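Peer 1: Okay, so here is protein.csv, and as you'll see once you scroll down, it has CSV, C-alpha atoms.
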```
chain,number,residue,atom,x,y,z
A,20,MET,CA,15.7,-3.6,-36.6
A,21,ILE,CA,18.8,-4.1,-34.5
A,22,THR,CA,21.2,-1.4,-33.4
A,23,ILE,CA,24.7,-2.1,-32.0
A,24,ARG,CA,26.5,0.6,-30.1
A,25,ASN,CA,29.2,1.0,-27.4
A,26,VAL,CA,28.1,0.5,-23.8
A,27,ALA,CA,27.1,3.6,-21.9
A,28,PRO,CA,27.3,3.8,-18.1
A,29,GLU,CA,23.5,3.7,-17.7
A,30,ASP,CA,23.5,0.3,-19.4
A,31,ALA,CA,25.1,-1.5,-16.5
A,32,THR,CA,21.9,-2.7,-14.7
A,33,ALA,CA,20.3,-4.0,-18.0
A,34,ILE,CA,23.5,-5.8,-18.9
A,35,SER,CA,23.8,-7.4,-15.5
A,36,ILE,CA,20.2,-8.7,-15.8
A,37,LEU,CA,20.8,-9.9,-19.3
A,38,LEU,CA,23.9,-11.8,-18.3
A,39,VAL,CA,22.4,-13.5,-15.3
A,40,THR,CA,19.3,-14.6,-17.2
A,41,ALA,CA,21.2,-15.7,-20.3
A,42,PHE,CA,23.7,-17.8,-18.4
A,43,ASP,CA,21.3,-18.8,-15.6
A,44,GLN,CA,23.8,-17.7,-12.9
A,45,PRO,CA,25.7,-14.6,-11.9
A,46,ASN,CA,29.3,-15.5,-12.9
A,47,GLU,CA,29.5,-13.7,-16.2
A,48,SER,CA,27.9,-10.6,-14.7
A,49,ARG,CA,30.5,-10.6,-11.9
A,50,LEU,CA,33.3,-11.1,-14.5
A,51,ILE,CA,32.2,-8.1,-16.5
A,52,ASP,CA,32.0,-5.9,-13.4
A,53,ALA,CA,35.5,-7.1,-12.4
A,54,LEU,CA,36.9,-6.5,-15.9
A,55,ARG,CA,35.5,-3.0,-15.9
A,56,ALA,CA,36.9,-2.3,-12.4
A,57,GLU,CA,40.3,-3.5,-13.4
A,58,GLY,CA,40.3,-1.5,-16.6
A,59,SER,CA,40.7,-4.5,-18.8
A,60,VAL,CA,37.8,-3.9,-21.1
A,61,ALA,CA,38.9,-3.1,-24.6
A,62,HIS,CA,35.4,-3.0,-26.3
A,63,GLU,CA,32.0,-3.5,-24.8
A,64,LEU,CA,29.0,-3.5,-27.1
A,65,VAL,CA,25.2,-3.9,-26.7
A,66,ALA,CA,22.6,-4.9,-29.2
A,67,LEU,CA,19.3,-3.0,-29.0
A,68,ARG,CA,15.9,-3.9,-30.6
A,69,ASP,CA,13.3,-1.2,-30.2
A,70,GLY,CA,15.5,0.6,-27.7
A,71,GLU,CA,15.8,-2.4,-25.4
A,72,ILE,CA,19.2,-4.1,-24.7
A,73,ILE,CA,18.9,-7.7,-26.0
A,74,GLY,CA,22.5,-8.6,-26.4
A,75,HIS,CA,26.0,-7.9,-25.1
A,76,ALA,CA,29.6,-8.6,-26.0
A,77,CYS,CA,32.9,-7.9,-24.3
A,78,LEU,CA,36.4,-7.9,-25.6
A,79,SER,CA,39.1,-7.6,-22.9
A,80,HIS,CA,42.9,-7.0,-23.0
A,81,LEU,CA,44.9,-10.1,-22.4
A,82,ARG,CA,47.8,-9.4,-20.0
A,83,ARG,CA,50.0,-11.3,-22.5
A,84,PRO,CA,50.8,-11.1,-25.3
A,85,GLU,CA,50.5,-7.4,-25.6
A,86,GLY,CA,47.9,-6.2,-28.1
A,87,TRP,CA,45.8,-9.4,-28.0
A,88,LEU,CA,42.2,-9.4,-26.9
A,89,ALA,CA,39.8,-12.1,-25.5
A,90,LEU,CA,36.2,-12.2,-26.8
A,91,GLY,CA,33.6,-13.1,-24.2
A,92,PRO,CA,31.3,-13.3,-22.7
A,93,VAL,CA,28.7,-12.8,-25.5
A,94,SER,CA,25.1,-13.0,-24.6
A,95,VAL,CA,21.7,-12.6,-26.1
A,96,ARG,CA,18.3,-12.6,-24.4
A,97,MET,CA,17.1,-16.3,-24.2
A,98,ASP,CA,13.9,-15.9,-26.3
A,99,LEU,CA,15.9,-14.2,-29.1
A,100,GLN,CA,18.9,-16.6,-29.4
A,101,GLY,CA,19.5,-18.2,-32.7
A,102,GLN,CA,18.3,-15.2,-34.7
A,103,GLY,CA,21.8,-13.8,-35.5
A,104,TYR,CA,22.1,-11.1,-32.8
A,105,GLY,CA,25.1,-12.8,-31.2
A,106,ALA,CA,26.8,-13.2,-34.5
A,107,GLU,CA,26.3,-9.5,-35.3
A,108,LEU,CA,27.8,-8.5,-31.9
A,109,ILE,CA,30.8,-10.7,-32.6
A,110,ARG,CA,31.3,-9.2,-36.1
A,111,TYR,CA,31.1,-5.7,-34.7
A,112,GLY,CA,33.5,-6.6,-31.9
A,113,LEU,CA,36.0,-8.1,-34.3
A,114,ASP,CA,35.7,-5.0,-36.6
A,115,ALA,CA,36.4,-2.8,-33.5
A,116,ALA,CA,39.5,-4.9,-32.7
A,117,ARG,CA,40.8,-4.5,-36.3
A,118,GLN,CA,40.1,-0.8,-36.4
A,119,ASN,CA,41.9,-0.2,-33.1
A,120,HIS,CA,44.9,-2.2,-34.3
A,121,ALA,CA,44.6,-5.2,-32.0
A,122,LYS,CA,47.1,-7.9,-33.1
A,123,ALA,CA,44.7,-10.9,-32.5
A,124,VAL,CA,41.6,-12.0,-30.7
A,125,VAL,CA,41.1,-15.3,-28.9
A,126,VAL,CA,37.9,-17.0,-27.9
A,127,VAL,CA,37.1,-20.0,-25.7
A,128,GLY,CA,34.0,-21.6,-27.2
A,129,ASP,CA,32.5,-24.0,-29.8
A,130,PRO,CA,34.8,-24.3,-32.7
A,131,LEU,CA,31.9,-25.0,-35.2
A,132,TYR,CA,30.2,-21.8,-34.2
A,133,HIS,CA,33.2,-19.5,-34.0
A,134,HIS,CA,34.9,-20.8,-37.2
A,135,ARG,CA,32.4,-18.8,-39.3
A,136,PHE,CA,33.9,-15.6,-38.0
A,137,GLY,CA,37.4,-16.5,-38.9
A,138,PHE,CA,38.6,-18.1,-35.7
A,139,VAL,CA,41.1,-20.9,-36.2
A,140,PHE,CA,41.2,-23.9,-33.9
A,141,ASP,CA,44.1,-26.3,-34.0
A,142,GLY,CA,45.8,-24.2,-36.6
A,143,PRO,CA,49.5,-23.5,-37.0
A,144,ALA,CA,49.7,-21.1,-34.0
A,145,GLU,CA,50.7,-22.6,-30.7
A,146,LEU,CA,48.7,-21.1,-27.9
A,147,SER,CA,49.4,-22.1,-24.3
A,148,SER,CA,46.2,-21.3,-22.4
A,149,PRO,CA,44.6,-22.1,-19.0
A,150,TYR,CA,41.6,-23.3,-21.1
A,151,PRO,CA,41.2,-26.5,-23.2
A,152,ALA,CA,43.2,-26.2,-26.4
A,153,GLN,CA,40.4,-27.7,-28.5
A,154,TYR,CA,38.1,-24.9,-27.5
A,155,THR,CA,40.6,-22.0,-27.8
A,156,GLY,CA,40.3,-20.2,-31.1
A,157,LEU,CA,42.5,-17.6,-32.7
A,158,TYR,CA,41.4,-14.7,-34.9
A,159,PRO,CA,44.7,-13.4,-36.3
A,160,ILE,CA,44.8,-9.7,-37.3
A,161,ALA,CA,48.5,-9.0,-37.5
A,162,PRO,CA,50.0,-11.6,-40.0
A,163,GLU,CA,52.6,-12.9,-37.6
A,164,THR,CA,49.9,-13.9,-35.1
A,165,ALA,CA,48.7,-16.7,-37.4
A,166,VAL,CA,51.8,-18.7,-36.6
A,167,ALA,CA,52.6,-17.3,-33.2
A,168,ARG,CA,53.9,-19.4,-30.3
A,169,VAL,CA,52.5,-17.6,-27.2
A,170,GLU,CA,51.3,-18.1,-23.7
A,171,LEU,CA,47.8,-16.5,-23.2
A,172,VAL,CA,47.6,-14.7,-19.9
A,173,TYR,CA,44.0,-13.5,-19.2
A,174,PRO,CA,43.0,-10.6,-17.0
A,175,VAL,CA,42.9,-11.5,-13.3
A,176,PRO,CA,39.1,-11.6,-13.1
A,177,PHE,CA,38.9,-14.6,-15.4
A,178,ALA,CA,40.6,-16.7,-12.7
A,179,GLU,CA,38.5,-15.3,-9.9
A,180,VAL,CA,35.1,-15.9,-11.3
```
Would you write the structure of this file as structure tokens?
Peer 2:
Amino acid sequence: MITIRNVAPEDATAISILLVTAFDQPNESRLIDALRAEGSVAHELVALRDGEIIGHACLSHLRRPEGWLALGPVSVRMDLQGQGYGAELIRYGLDAARQNHAKAVVVVGDPLYHHRFGFVFDGPAELSSPYPAQYTGLYPIAPETAVARVELVYPVPFAEV
């Protein structure tokens, strides 16, 4: 059975270990630490199985446009990937964004994977991003964001890591 909850301060070490092992390098762990230090984290979730942290997801506030969030990184313990834990973290994160009245969520990732959650790639919205357009997806929450013309400005730590 999986449980998803908000991150608690005592989760930091387990999350760091998970991120380093899931991505096979420390960049994502450094990114999360920097986002926390900057105060840019909007929602941070962990997935637990039998009381052990097996997954993590972060949504951070974009600097612009106001009210928009960025999803990522999302990680799951290597031996448990492909079993739906990451998908469940994403669903919970998007629900938290909706409940807290975010206007939209963007993701940089595989269009085939993220499309199932409602992310639109190459849709009517025109997103100017520092990341490749073909991998930048939009999850519109406020109706006007589906056709927005915006420049996405990520929190500073994204450029530093």
Peer 1: Rank nothing, just name the residue among A:Val125, A:Leu78, A:Val180, A:Leu37 nearest to A:Arg96, using only C-alpha atoms.
Peer 2: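 Smallest distance to A:Arg96 is found for A:Leu37.
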Peer 1: Pick out the residues sitting within 9 Å of A:Phe177, and hand them over as JSON, numbers by chain; count only C-alpha atoms, and ignore anything fewer than 3 positions along from it in its own chain.
Peer 2: {"A": [50, 53, 54, 173, 174, 180]}
Peer 1: Go ahead and dump the residues you just picked, C-alpha atoms, as a compact mmCIF listing (two decimals), in the frame of the given file.
Peer 2:
```txt
# COMPACT_ATOMS: atom_id res chain seq x y z
CA LEU A 50 33.30 -11.10 -14.50
CA ALA A 53 35.50 -7.10 -12.40
CA LEU A 54 36.90 -6.50 -15.90
CA TYR A 173 44.00 -13.50 -19.20
CA PRO A 174 43.00 -10.60 -17.00
CA VAL A 180 35.10 -15.90 -11.30
```
Peer 1: Please indicate the distance in Å from atom CA of A:Arg83 to atom CA of A:Leu171, rounded to one decimal place.
Peer 2: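 Answer for the atom CA of A:Arg83 to atom CA of A:Leu171 separation: 5.7 Å.
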Peer 1: Which residue, A:Ser35, A:Ser79, A:Ser147, A:Gln100, has the smallest gap to A:Arg49 when you use all atoms listed in the file?
Peer 2: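 Nearest candidate to A:Arg49 out of A:Ser35, A:Ser79, A:Ser147, A:Gln100: A:Ser35.
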Peer 1: List as a list in words the protein and nucleic acid residues near A:Pro143, meaning an atom at most 8 Å away when all atoms listed in the file are counted, but skip any in the same chain fewer than 4 places from it.
Peer 2: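 In the requested format, the answer is Ala165, Val166 and Ala167 of chain A.
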Peer 1: Using only C-alpha atoms, which of A:Pro176, A:Arg168, A:Tyr158, A:Ile73 sits nearest A:Arg55?
Peer 2: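 Of all the options, A:Pro176 lies closest to A:Arg55.
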Peer 1: To one decimal in Å, tell me the separation between atom CA of A:Glu163 and atom CA of A:Ser59.
Peer 2: 23.8 Å
Peer 1: Find the residues around A:Gly86 up to 7 Å (all atoms listed in the file counted), leave out those fewer than 2 positions away in its own chain, and share them as a PyMOL selection string.
Peer 2: chain A and resi 84+88+121-122
Peer 1: Rounded to one decimal, what separation in Å do you get between atom CA of A:Gly112 and atom CA of A:His62?
Peer 2: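 Distance between the two atoms: 6.9 Å.
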Peer 1: Using all atoms listed in the file, which residue out of A:Leu90, A:Leu67, A:Ala152, A:Ile51 lies closest to A:Ile21?
Peer 2: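 Residue with the minimum atom-to-atom distance to A:Ile21: A:Leu67.
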Peer 1: Counting all atoms listed in the file, select every polymer residue within 12 Å of (26.8, -8.8, -32.4) as defined in the file's coordinates, and provide the selection as a PyMOL selection string.
Peer 2: chain A and resi 21-25+63-67+72-78+90-95+100-115+136
Peer 1: Which residue out of A:Asp52, A:Glu47, A:Glu57, A:Glu71 has the minimum interatomic distance to A:Ala33 when all atoms listed in the file are used?
Peer 2: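 Residue with the minimum atom-to-atom distance to A:Ala33: A:Glu71.
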Peer 1: Please report, as lines of an AutoDock Vina configuration file, the centre and edge lengths in Å to one decimal of an axis-aligned box covering all listed atoms of stretch 46-52 of chain A with 5 Å per side.
Peer 2:
```
center_x = 30.6
center_y = -10.7
center_z = -14.2
size_x = 15.4
size_y = 19.6
size_z = 14.6
```
Peer 1: Would you please work out which residue, of A:Ala56, A:His120, A:Asn46, A:Pro28, is nearest to A:Trp87 when using all atoms listed in the file?
Peer 2: A:His120
